[in-house]
file structure-v7.cif (mmCIF, N, CA and C atoms and all ligand atoms)
data_target
#
loop_
_atom_site.label_atom_id
_atom_site.label_comp_id
_atom_site.auth_asym_id
_atom_site.auth_seq_id
_atom_site.Cartn_x
_atom_site.Cartn_y
_atom_site.Cartn_z
N MET A 1429 -38.48 51.98 -140.53
CA MET A 1429 -38.31 52.95 -139.43
C MET A 1429 -37.64 54.20 -139.97
N ILE A 1430 -38.24 55.36 -139.67
CA ILE A 1430 -37.65 56.61 -140.15
C ILE A 1430 -37.52 57.56 -138.96
N TYR A 1431 -36.55 58.45 -139.05
CA TYR A 1431 -36.21 59.33 -137.92
C TYR A 1431 -36.42 60.78 -138.32
N VAL A 1432 -37.17 61.50 -137.51
CA VAL A 1432 -37.53 62.89 -137.81
C VAL A 1432 -37.05 63.76 -136.65
N SER A 1433 -36.37 64.86 -136.98
CA SER A 1433 -35.78 65.67 -135.91
C SER A 1433 -36.18 67.13 -136.01
N ARG A 1434 -36.22 67.76 -134.85
CA ARG A 1434 -36.44 69.20 -134.75
C ARG A 1434 -35.31 69.79 -133.90
N LYS A 1435 -34.72 70.86 -134.42
CA LYS A 1435 -33.64 71.53 -133.68
C LYS A 1435 -34.18 72.80 -133.03
N GLU A 1436 -33.86 72.99 -131.76
CA GLU A 1436 -34.26 74.19 -131.04
C GLU A 1436 -33.03 74.75 -130.32
N HIS A 1437 -33.22 75.89 -129.71
CA HIS A 1437 -32.09 76.59 -129.10
C HIS A 1437 -32.54 77.27 -127.82
N PHE A 1438 -31.67 77.25 -126.81
CA PHE A 1438 -31.94 78.07 -125.62
C PHE A 1438 -30.62 78.49 -124.98
N ASN A 1439 -30.71 79.54 -124.17
CA ASN A 1439 -29.56 80.02 -123.41
C ASN A 1439 -29.85 79.80 -121.94
N ALA A 1440 -28.82 79.42 -121.18
CA ALA A 1440 -29.03 79.28 -119.75
C ALA A 1440 -27.69 79.42 -119.03
N ALA A 1441 -27.79 79.78 -117.75
CA ALA A 1441 -26.61 79.90 -116.89
C ALA A 1441 -26.54 78.69 -115.97
N HIS A 1442 -25.33 78.38 -115.54
CA HIS A 1442 -25.18 77.32 -114.53
C HIS A 1442 -23.81 77.42 -113.89
N LYS A 1443 -23.59 76.61 -112.88
CA LYS A 1443 -22.23 76.26 -112.47
C LYS A 1443 -22.23 74.80 -112.06
N LEU A 1444 -21.08 74.17 -112.27
CA LEU A 1444 -20.91 72.78 -111.84
C LEU A 1444 -20.02 72.84 -110.61
N TYR A 1445 -20.55 72.37 -109.50
CA TYR A 1445 -19.85 72.54 -108.23
C TYR A 1445 -20.31 71.46 -107.28
N ASN A 1446 -19.38 70.68 -106.77
CA ASN A 1446 -19.71 69.68 -105.76
C ASN A 1446 -19.37 70.28 -104.39
N PRO A 1447 -20.39 70.57 -103.57
CA PRO A 1447 -20.16 71.28 -102.31
C PRO A 1447 -19.31 70.48 -101.31
N GLN A 1448 -19.15 69.18 -101.57
CA GLN A 1448 -18.33 68.37 -100.67
C GLN A 1448 -16.84 68.48 -100.98
N TRP A 1449 -16.51 69.15 -102.07
CA TRP A 1449 -15.12 69.30 -102.47
C TRP A 1449 -14.63 70.72 -102.19
N SER A 1450 -13.30 70.87 -102.14
CA SER A 1450 -12.68 72.19 -102.00
C SER A 1450 -12.87 72.97 -103.31
N LYS A 1451 -12.68 74.28 -103.18
CA LYS A 1451 -12.74 75.14 -104.37
C LYS A 1451 -11.72 74.68 -105.42
N GLU A 1452 -10.54 74.30 -104.93
CA GLU A 1452 -9.47 73.88 -105.85
C GLU A 1452 -9.86 72.61 -106.62
N LYS A 1453 -10.43 71.65 -105.87
CA LYS A 1453 -10.81 70.40 -106.55
C LYS A 1453 -11.93 70.65 -107.56
N ASN A 1454 -12.89 71.50 -107.18
CA ASN A 1454 -13.96 71.83 -108.13
C ASN A 1454 -13.40 72.45 -109.40
N GLN A 1455 -12.42 73.35 -109.22
CA GLN A 1455 -11.85 74.00 -110.41
C GLN A 1455 -11.07 73.00 -111.25
N GLN A 1456 -10.42 72.08 -110.57
CA GLN A 1456 -9.63 71.06 -111.26
C GLN A 1456 -10.55 70.15 -112.11
N VAL A 1457 -11.69 69.75 -111.52
CA VAL A 1457 -12.59 68.80 -112.19
C VAL A 1457 -13.47 69.50 -113.22
N PHE A 1458 -14.05 70.62 -112.84
CA PHE A 1458 -15.07 71.25 -113.70
C PHE A 1458 -14.54 72.42 -114.53
N GLY A 1459 -13.32 72.86 -114.28
CA GLY A 1459 -12.74 73.94 -115.07
C GLY A 1459 -13.59 75.19 -115.01
N PRO A 1460 -13.74 75.88 -116.15
CA PRO A 1460 -14.49 77.14 -116.15
C PRO A 1460 -15.95 76.96 -115.71
N CYS A 1461 -16.49 75.75 -115.84
CA CYS A 1461 -17.88 75.52 -115.43
C CYS A 1461 -18.05 75.60 -113.91
N ALA A 1462 -16.93 75.61 -113.15
CA ALA A 1462 -17.02 75.73 -111.69
C ALA A 1462 -17.06 77.19 -111.24
N ASN A 1463 -16.94 78.12 -112.16
CA ASN A 1463 -16.92 79.55 -111.79
C ASN A 1463 -18.05 79.89 -110.80
N GLU A 1464 -17.67 80.40 -109.62
CA GLU A 1464 -18.63 80.63 -108.53
C GLU A 1464 -19.79 81.54 -108.93
N ASN A 1465 -19.50 82.52 -109.77
CA ASN A 1465 -20.52 83.52 -110.11
C ASN A 1465 -21.23 83.22 -111.42
N TRP A 1466 -21.34 81.93 -111.73
CA TRP A 1466 -22.11 81.47 -112.88
C TRP A 1466 -21.46 81.84 -114.21
N HIS A 1467 -21.99 81.22 -115.27
CA HIS A 1467 -21.59 81.53 -116.65
C HIS A 1467 -22.69 80.94 -117.53
N GLY A 1468 -22.71 81.34 -118.78
CA GLY A 1468 -23.80 80.91 -119.65
C GLY A 1468 -23.33 79.98 -120.77
N HIS A 1469 -24.30 79.25 -121.31
CA HIS A 1469 -24.07 78.46 -122.52
C HIS A 1469 -25.21 78.72 -123.50
N ASN A 1470 -24.88 78.60 -124.79
CA ASN A 1470 -25.88 78.63 -125.85
C ASN A 1470 -26.13 77.19 -126.25
N TYR A 1471 -27.22 76.63 -125.75
CA TYR A 1471 -27.50 75.22 -125.98
C TYR A 1471 -28.26 75.02 -127.29
N ASP A 1472 -27.87 73.99 -128.04
CA ASP A 1472 -28.67 73.53 -129.17
C ASP A 1472 -29.25 72.18 -128.79
N LEU A 1473 -30.53 72.02 -129.07
CA LEU A 1473 -31.26 70.82 -128.66
C LEU A 1473 -31.88 70.19 -129.90
N ILE A 1474 -31.59 68.92 -130.12
CA ILE A 1474 -32.17 68.21 -131.27
C ILE A 1474 -32.99 67.04 -130.74
N ILE A 1475 -34.29 67.11 -131.01
CA ILE A 1475 -35.21 66.06 -130.56
C ILE A 1475 -35.56 65.19 -131.77
N THR A 1476 -35.37 63.88 -131.62
CA THR A 1476 -35.67 62.96 -132.72
C THR A 1476 -36.79 62.01 -132.33
N VAL A 1477 -37.75 61.90 -133.23
CA VAL A 1477 -38.88 60.97 -133.09
C VAL A 1477 -38.72 59.90 -134.18
N SER A 1478 -38.89 58.65 -133.82
CA SER A 1478 -38.78 57.57 -134.81
C SER A 1478 -40.11 56.85 -134.95
N GLY A 1479 -40.32 56.25 -136.11
CA GLY A 1479 -41.54 55.48 -136.29
C GLY A 1479 -41.84 55.23 -137.75
N GLU A 1480 -43.11 55.07 -138.02
CA GLU A 1480 -43.59 54.85 -139.38
C GLU A 1480 -44.39 56.08 -139.79
N THR A 1481 -44.62 56.22 -141.10
CA THR A 1481 -45.38 57.39 -141.56
C THR A 1481 -46.88 57.13 -141.47
N ASP A 1482 -47.59 58.17 -141.08
CA ASP A 1482 -49.06 58.15 -141.05
C ASP A 1482 -49.55 58.10 -142.50
N PRO A 1483 -50.36 57.09 -142.87
CA PRO A 1483 -50.80 56.99 -144.27
C PRO A 1483 -51.61 58.21 -144.73
N GLU A 1484 -52.23 58.91 -143.81
CA GLU A 1484 -53.05 60.08 -144.19
C GLU A 1484 -52.21 61.32 -144.48
N THR A 1485 -51.06 61.45 -143.81
CA THR A 1485 -50.27 62.69 -143.92
C THR A 1485 -48.89 62.47 -144.51
N GLY A 1486 -48.38 61.25 -144.45
CA GLY A 1486 -46.99 61.01 -144.82
C GLY A 1486 -46.00 61.44 -143.75
N PHE A 1487 -46.50 61.94 -142.61
CA PHE A 1487 -45.64 62.37 -141.51
C PHE A 1487 -45.48 61.24 -140.48
N VAL A 1488 -44.31 61.18 -139.85
CA VAL A 1488 -44.17 60.40 -138.60
C VAL A 1488 -44.76 61.22 -137.46
N VAL A 1489 -44.39 62.50 -137.47
CA VAL A 1489 -44.92 63.45 -136.49
C VAL A 1489 -44.98 64.80 -137.20
N ASP A 1490 -45.98 65.58 -136.90
CA ASP A 1490 -46.08 66.94 -137.42
C ASP A 1490 -45.03 67.79 -136.70
N LEU A 1491 -44.01 68.26 -137.45
CA LEU A 1491 -42.91 68.98 -136.80
C LEU A 1491 -43.34 70.30 -136.19
N LYS A 1492 -44.42 70.88 -136.70
CA LYS A 1492 -44.94 72.09 -136.07
C LYS A 1492 -45.44 71.76 -134.67
N LYS A 1493 -46.16 70.66 -134.56
CA LYS A 1493 -46.65 70.24 -133.23
C LYS A 1493 -45.49 69.89 -132.30
N LEU A 1494 -44.46 69.25 -132.86
CA LEU A 1494 -43.30 68.90 -132.02
C LEU A 1494 -42.60 70.17 -131.54
N SER A 1495 -42.47 71.15 -132.42
CA SER A 1495 -41.84 72.41 -132.04
C SER A 1495 -42.63 73.12 -130.94
N VAL A 1496 -43.95 73.17 -131.09
CA VAL A 1496 -44.80 73.81 -130.07
C VAL A 1496 -44.64 73.09 -128.72
N LEU A 1497 -44.59 71.76 -128.78
CA LEU A 1497 -44.44 70.96 -127.56
C LEU A 1497 -43.09 71.23 -126.88
N ILE A 1498 -42.02 71.23 -127.67
CA ILE A 1498 -40.68 71.48 -127.09
C ILE A 1498 -40.63 72.88 -126.48
N LYS A 1499 -41.20 73.84 -127.18
CA LYS A 1499 -41.17 75.21 -126.66
C LYS A 1499 -41.90 75.29 -125.33
N ALA A 1500 -43.09 74.68 -125.25
CA ALA A 1500 -43.91 74.79 -124.03
C ALA A 1500 -43.32 74.03 -122.86
N LYS A 1501 -42.83 72.82 -123.12
CA LYS A 1501 -42.44 71.94 -122.01
C LYS A 1501 -40.96 72.01 -121.66
N VAL A 1502 -40.12 72.43 -122.60
CA VAL A 1502 -38.67 72.39 -122.35
C VAL A 1502 -38.06 73.80 -122.40
N LEU A 1503 -38.31 74.54 -123.49
CA LEU A 1503 -37.66 75.84 -123.62
C LEU A 1503 -38.22 76.83 -122.62
N GLU A 1504 -39.52 76.79 -122.43
CA GLU A 1504 -40.16 77.72 -121.48
C GLU A 1504 -39.52 77.65 -120.09
N PRO A 1505 -39.39 76.46 -119.49
CA PRO A 1505 -38.76 76.40 -118.17
C PRO A 1505 -37.24 76.63 -118.16
N LEU A 1506 -36.55 76.50 -119.30
CA LEU A 1506 -35.08 76.56 -119.29
C LEU A 1506 -34.48 77.86 -119.84
N ASP A 1507 -35.13 78.44 -120.85
CA ASP A 1507 -34.49 79.54 -121.59
C ASP A 1507 -34.30 80.77 -120.70
N HIS A 1508 -33.07 81.29 -120.70
CA HIS A 1508 -32.69 82.47 -119.90
C HIS A 1508 -32.84 82.24 -118.40
N GLN A 1509 -32.72 80.99 -117.96
CA GLN A 1509 -32.81 80.69 -116.53
C GLN A 1509 -31.43 80.28 -116.00
N ASN A 1510 -31.34 80.29 -114.68
CA ASN A 1510 -30.18 79.72 -113.99
C ASN A 1510 -30.53 78.28 -113.65
N LEU A 1511 -29.83 77.35 -114.27
CA LEU A 1511 -30.20 75.93 -114.14
C LEU A 1511 -30.06 75.42 -112.70
N ASN A 1512 -29.14 75.99 -111.93
CA ASN A 1512 -28.95 75.55 -110.54
C ASN A 1512 -30.07 76.05 -109.63
N VAL A 1513 -30.68 77.17 -109.99
CA VAL A 1513 -31.57 77.87 -109.06
C VAL A 1513 -33.03 77.89 -109.52
N ASP A 1514 -33.26 78.12 -110.81
CA ASP A 1514 -34.60 78.48 -111.28
C ASP A 1514 -35.45 77.33 -111.78
N VAL A 1515 -34.87 76.16 -111.98
CA VAL A 1515 -35.58 75.12 -112.73
C VAL A 1515 -36.02 74.00 -111.79
N SER A 1516 -37.33 73.82 -111.64
CA SER A 1516 -37.83 72.89 -110.62
C SER A 1516 -37.32 71.47 -110.84
N PHE A 1517 -37.30 71.00 -112.10
CA PHE A 1517 -36.90 69.60 -112.32
C PHE A 1517 -35.40 69.36 -112.22
N LEU A 1518 -34.63 70.43 -111.97
CA LEU A 1518 -33.17 70.24 -111.76
C LEU A 1518 -32.76 70.48 -110.31
N GLN A 1519 -33.72 70.75 -109.45
CA GLN A 1519 -33.39 71.02 -108.04
C GLN A 1519 -32.62 69.85 -107.44
N GLY A 1520 -31.48 70.17 -106.81
CA GLY A 1520 -30.69 69.14 -106.15
C GLY A 1520 -29.87 68.27 -107.09
N LYS A 1521 -29.87 68.62 -108.40
CA LYS A 1521 -29.12 67.82 -109.37
C LYS A 1521 -27.97 68.64 -109.94
N MET A 1522 -26.91 67.97 -110.35
CA MET A 1522 -25.80 68.65 -111.01
C MET A 1522 -26.22 68.98 -112.44
N PRO A 1523 -26.24 70.26 -112.82
CA PRO A 1523 -26.75 70.60 -114.16
C PRO A 1523 -25.73 70.41 -115.27
N THR A 1524 -25.27 69.17 -115.41
CA THR A 1524 -24.41 68.83 -116.55
C THR A 1524 -25.28 68.62 -117.79
N THR A 1525 -24.63 68.57 -118.94
CA THR A 1525 -25.36 68.32 -120.18
C THR A 1525 -26.03 66.95 -120.12
N GLU A 1526 -25.35 65.98 -119.52
CA GLU A 1526 -25.92 64.63 -119.39
C GLU A 1526 -27.23 64.64 -118.61
N VAL A 1527 -27.18 65.26 -117.42
CA VAL A 1527 -28.37 65.29 -116.56
C VAL A 1527 -29.50 66.05 -117.23
N LEU A 1528 -29.15 67.16 -117.85
CA LEU A 1528 -30.16 67.98 -118.54
C LEU A 1528 -30.82 67.18 -119.68
N ALA A 1529 -30.02 66.46 -120.45
CA ALA A 1529 -30.58 65.66 -121.56
C ALA A 1529 -31.53 64.58 -121.02
N MET A 1530 -31.15 63.95 -119.92
CA MET A 1530 -32.02 62.91 -119.35
C MET A 1530 -33.33 63.50 -118.82
N GLU A 1531 -33.24 64.67 -118.19
CA GLU A 1531 -34.46 65.31 -117.69
C GLU A 1531 -35.37 65.73 -118.84
N ILE A 1532 -34.77 66.24 -119.92
CA ILE A 1532 -35.58 66.63 -121.10
C ILE A 1532 -36.25 65.38 -121.69
N TRP A 1533 -35.53 64.28 -121.74
CA TRP A 1533 -36.13 63.02 -122.19
C TRP A 1533 -37.35 62.67 -121.34
N ASN A 1534 -37.19 62.73 -120.02
CA ASN A 1534 -38.28 62.33 -119.12
C ASN A 1534 -39.53 63.17 -119.35
N ILE A 1535 -39.33 64.44 -119.64
CA ILE A 1535 -40.47 65.33 -119.89
C ILE A 1535 -41.13 64.97 -121.23
N LEU A 1536 -40.32 64.87 -122.28
CA LEU A 1536 -40.89 64.70 -123.63
C LEU A 1536 -41.44 63.30 -123.87
N ASP A 1537 -40.84 62.31 -123.23
CA ASP A 1537 -41.31 60.93 -123.44
C ASP A 1537 -42.78 60.79 -123.04
N LEU A 1538 -43.18 61.57 -122.04
CA LEU A 1538 -44.59 61.54 -121.59
C LEU A 1538 -45.51 62.29 -122.54
N GLU A 1539 -44.95 63.27 -123.27
CA GLU A 1539 -45.78 64.19 -124.06
C GLU A 1539 -45.87 63.82 -125.54
N VAL A 1540 -44.84 63.19 -126.07
CA VAL A 1540 -44.81 62.90 -127.51
C VAL A 1540 -45.98 62.02 -127.97
N PRO A 1541 -46.41 61.01 -127.19
CA PRO A 1541 -47.53 60.18 -127.66
C PRO A 1541 -48.81 60.98 -127.95
N ALA A 1542 -48.96 62.14 -127.33
CA ALA A 1542 -50.16 62.94 -127.56
C ALA A 1542 -50.17 63.60 -128.94
N ILE A 1543 -49.01 63.70 -129.61
CA ILE A 1543 -48.97 64.39 -130.90
C ILE A 1543 -48.67 63.46 -132.07
N THR A 1544 -48.44 62.18 -131.83
CA THR A 1544 -48.19 61.25 -132.95
C THR A 1544 -48.72 59.85 -132.63
N LYS A 1545 -49.37 59.27 -133.64
CA LYS A 1545 -49.86 57.89 -133.48
C LYS A 1545 -48.82 56.89 -133.94
N PHE A 1546 -47.88 57.36 -134.79
CA PHE A 1546 -46.97 56.44 -135.49
C PHE A 1546 -45.51 56.57 -135.05
N GLY A 1547 -45.24 57.52 -134.14
CA GLY A 1547 -43.86 57.74 -133.72
C GLY A 1547 -43.71 57.68 -132.21
N LYS A 1548 -42.43 57.56 -131.79
CA LYS A 1548 -42.14 57.69 -130.36
C LYS A 1548 -40.81 58.40 -130.20
N LEU A 1549 -40.60 58.97 -129.03
CA LEU A 1549 -39.35 59.69 -128.79
C LEU A 1549 -38.18 58.72 -128.97
N TYR A 1550 -37.21 59.11 -129.79
CA TYR A 1550 -36.05 58.25 -130.06
C TYR A 1550 -34.80 58.74 -129.33
N SER A 1551 -34.54 60.07 -129.42
CA SER A 1551 -33.34 60.57 -128.76
C SER A 1551 -33.43 62.05 -128.46
N VAL A 1552 -32.64 62.43 -127.47
CA VAL A 1552 -32.43 63.83 -127.11
C VAL A 1552 -30.94 64.10 -127.30
N LYS A 1553 -30.62 65.01 -128.21
CA LYS A 1553 -29.22 65.39 -128.43
C LYS A 1553 -29.07 66.83 -127.97
N LEU A 1554 -28.13 67.06 -127.07
CA LEU A 1554 -27.99 68.39 -126.48
C LEU A 1554 -26.54 68.86 -126.61
N TYR A 1555 -26.36 69.98 -127.31
CA TYR A 1555 -25.04 70.60 -127.47
C TYR A 1555 -24.88 71.69 -126.43
N GLU A 1556 -23.85 71.56 -125.59
CA GLU A 1556 -23.54 72.64 -124.64
C GLU A 1556 -22.62 73.67 -125.29
N THR A 1557 -21.74 73.17 -126.15
CA THR A 1557 -20.90 74.03 -126.98
C THR A 1557 -20.92 73.39 -128.37
N PRO A 1558 -20.41 74.08 -129.39
CA PRO A 1558 -20.43 73.45 -130.71
C PRO A 1558 -19.67 72.11 -130.75
N ARG A 1559 -18.74 71.91 -129.81
CA ARG A 1559 -17.93 70.68 -129.85
C ARG A 1559 -18.29 69.67 -128.77
N ASN A 1560 -19.03 70.09 -127.77
CA ASN A 1560 -19.39 69.17 -126.68
C ASN A 1560 -20.88 68.93 -126.66
N PHE A 1561 -21.27 67.66 -126.85
CA PHE A 1561 -22.69 67.35 -126.85
C PHE A 1561 -22.92 65.95 -126.32
N VAL A 1562 -24.14 65.70 -125.87
CA VAL A 1562 -24.51 64.37 -125.40
C VAL A 1562 -25.76 63.92 -126.14
N GLU A 1563 -25.95 62.61 -126.19
CA GLU A 1563 -27.14 62.02 -126.79
C GLU A 1563 -27.72 61.02 -125.81
N TYR A 1564 -29.02 61.10 -125.59
CA TYR A 1564 -29.67 60.15 -124.68
C TYR A 1564 -30.79 59.44 -125.44
N PHE A 1565 -30.80 58.11 -125.31
CA PHE A 1565 -31.77 57.27 -126.01
C PHE A 1565 -32.77 56.64 -125.06
N GLY A 1566 -32.83 57.17 -123.83
CA GLY A 1566 -33.77 56.63 -122.85
C GLY A 1566 -33.13 55.53 -122.02
N PRO A 1567 -33.83 55.15 -120.93
CA PRO A 1567 -33.29 54.11 -120.07
C PRO A 1567 -33.24 52.77 -120.81
N GLN A 1568 -32.20 52.01 -120.56
CA GLN A 1568 -32.10 50.67 -121.16
C GLN A 1568 -32.91 49.72 -120.31
N LEU A 1569 -34.01 49.23 -120.87
CA LEU A 1569 -34.90 48.40 -120.06
C LEU A 1569 -34.49 46.93 -120.16
NI NI A 1601 -20.68 75.35 -118.06
#
call {"tool": "encode", "arguments": {"input": "structure-v7.cif", "output": "structure tokens", "more": "lines below"}}
Ligand code: NI
result
Amino acid sequence: MIYVSRKEHFNAAHKLYNPQWSKEKNQQVFGPCANENWHGHNYDLIITVSGETDPETGFVVDLKKLSVLIKAKVLEPLDHQNLNVDVSFLQGKMPTTEVLAMEIWNILDLEVPAITKFGKLYSVKLYETPRNFVEYFGPQL
């Protein structure tokens, strides 16, 4: 089993705010991410595909194809958008790094089989800041 990764980048705005709580409680829980008038993050996204190598190419997955796929299905809907307002698959959801990583998984898990015979989506690693990141390995079945 070998693991192949592609790193991508996008910028997006959001706020973390539970409308059932007071402004004070939101600020206490979410800190600067609760700012009413939004704020931005520079996200780094690392997509990992695991599997065996294709005997014809030596690749698990063609990273050019993976990059094109990530750009079309993930970066296109997210880059320079407001995650609370502009993104259809985040409607009604709290746009935390955790939720975003799981939604990105759901999108790519359906698409990766079309570009590789020998690999499958292994993980979505999403950095919201250089020090804060989450990793999602899919639902535990
Ligand atoms: Ni934030």
call {"tool": "residues_near_ligand", "arguments": {"input": "structure-v7.cif", "ligand": "ligand NI 1601 (chain A)", "cutoff": "6.5 Å", "atoms": "all atoms listed in the file", "output": "ChimeraX atom specification"}}
result
/A:1442-1444,1460-1462,1467-1469
call {"tool": "closest_residue", "arguments": {"input": "structure-v7.cif", "among": "A:Asn1463, A:Thr1524, A:Ser1495, A:Gln1455", "to": "A:Tyr1555", "atoms": "only C-alpha atoms"}}
result
A:Thr1524
call {"tool": "select_by_dssp", "arguments": {"input": "structure-v7.cif", "residues": "stretch 1452-1568 of chain A", "states": "helix (DSSP H, G or I)", "output": "PyMOL selection string"}}
result
chain A and resi 1452-1462+1491-1506+1516-1518+1525-1542
call {"tool": "residues_around", "arguments": {"input": "structure-v7.cif", "residues": "A:Arg1434", "least_positions_apart": "4", "cutoff": "8 Å", "atoms": "only C-alpha atoms", "output": "number ranges by chain"}}
result
A: 1474-1476, 1491, 1494-1495
call {"tool": "select_by_dssp", "arguments": {"input": "structure-v7.cif", "residues": "stretch 1435-1567 of chain A", "states": "strand (DSSP E)", "output": "ChimeraX atom specification"}}
result
/A:1435-1442,1467-1479,1509-1510,1547-1555,1561-1564
call {"tool": "closest_residue", "arguments": {"input": "structure-v7.cif", "among": "A:Val1489, A:Asn1470, A:Asp1482, A:Gly1459", "to": "A:Thr1544", "atoms": "all atoms listed in the file"}}
result
A:Val1489
call {"tool": "closest_residue", "arguments": {"input": "structure-v7.cif", "among": "A:Pro1558, A:Ser1433, A:Gly1479, A:Asp1472", "to": "A:Pro1541", "atoms": "only C-alpha atoms"}}
result
A:Gly1479
call {"tool": "closest_residue", "arguments": {"input": "structure-v7.cif", "among": "A:Lys1499, A:Lys1492, A:His1508, A:Lys1451", "to": "A:Phe1438", "atoms": "only N, CA and C atoms"}}
result
A:His1508
call {"tool": "axis_aligned_box", "arguments": {"input": "structure-v7.cif", "around": "stretch 1552-1567 of chain A", "padding_each_side": "4 Å", "output": "JSON"}}
result
{"center_x": -25.9, "center_y": 63.4, "center_z": -125.4, "size_x": 23.9, "size_y": 29.3, "size_z": 18.7}
call {"tool": "decode", "arguments": {"input": "structure-v7.cif", "residues": "stretch 1441-1447 of chain A", "atoms": "all heavy atoms", "output": "tab-separated table (two decimals), in the first residue's frame"}}
result
chain	number	residue	atom	x	y	z
A	1441	ALA	N	-13.85	33.14	3.21
A	1441	ALA	CA	-14.33	33.86	4.39
A	1441	ALA	C	-15.36	33.01	5.12
A	1441	ALA	O	-16.01	32.15	4.51
A	1441	ALA	CB	-14.95	35.19	3.97
A	1442	HIS	N	-15.48	33.24	6.41
A	1442	HIS	CA	-16.56	32.58	7.15
A	1442	HIS	C	-16.78	33.29	8.48
A	1442	HIS	O	-16.06	34.24	8.82
A	1442	HIS	CB	-16.25	31.08	7.39
A	1442	HIS	CG	-15.28	30.77	8.47
A	1442	HIS	ND1	-15.13	29.52	9.02
A	1442	HIS	CD2	-14.38	31.55	9.14
A	1442	HIS	CE1	-14.21	29.54	9.96
A	1442	HIS	NE2	-13.73	30.75	10.05
A	1443	LYS	N	-17.79	32.87	9.19
A	1443	LYS	CA	-17.85	33.12	10.63
A	1443	LYS	C	-18.46	31.89	11.28
A	1443	LYS	O	-19.24	31.15	10.67
A	1443	LYS	CB	-18.66	34.38	10.97
A	1443	LYS	CG	-20.14	34.26	10.78
A	1443	LYS	CD	-20.84	35.54	11.26
A	1443	LYS	CE	-22.28	35.57	10.77
A	1443	LYS	NZ	-22.95	36.84	11.07
A	1444	LEU	N	-18.04	31.66	12.52
A	1444	LEU	CA	-18.60	30.56	13.31
A	1444	LEU	C	-19.52	31.21	14.33
A	1444	LEU	O	-19.08	32.04	15.13
A	1444	LEU	CB	-17.50	29.76	13.99
A	1444	LEU	CG	-16.48	29.11	13.05
A	1444	LEU	CD1	-15.45	28.33	13.84
A	1444	LEU	CD2	-17.18	28.21	12.03
A	1445	TYR	N	-20.79	30.87	14.25
A	1445	TYR	CA	-21.78	31.56	15.07
A	1445	TYR	C	-22.97	30.65	15.27
A	1445	TYR	O	-23.56	30.16	14.30
A	1445	TYR	CB	-22.20	32.85	14.35
A	1445	TYR	CG	-22.97	33.80	15.21
A	1445	TYR	CD1	-22.30	34.75	16.00
A	1445	TYR	CD2	-24.36	33.76	15.25
A	1445	TYR	CE1	-23.01	35.62	16.81
A	1445	TYR	CE2	-25.07	34.63	16.05
A	1445	TYR	CZ	-24.39	35.56	16.83
A	1445	TYR	OH	-25.09	36.42	17.63
A	1446	ASN	N	-23.31	30.38	16.51
A	1446	ASN	CA	-24.51	29.60	16.81
A	1446	ASN	C	-25.63	30.59	17.15
A	1446	ASN	O	-25.57	31.27	18.18
A	1446	ASN	CB	-24.22	28.67	17.99
A	1446	ASN	CG	-25.40	27.76	18.29
A	1446	ASN	OD1	-26.56	28.13	18.07
A	1446	ASN	ND2	-25.13	26.58	18.81
A	1447	PRO	N	-26.64	30.69	16.28
A	1447	PRO	CA	-27.68	31.72	16.46
A	1447	PRO	C	-28.51	31.52	17.73
A	1447	PRO	O	-29.22	32.43	18.15
A	1447	PRO	CB	-28.55	31.58	15.20
A	1447	PRO	CG	-28.24	30.25	14.63
A	1447	PRO	CD	-26.84	29.89	15.07
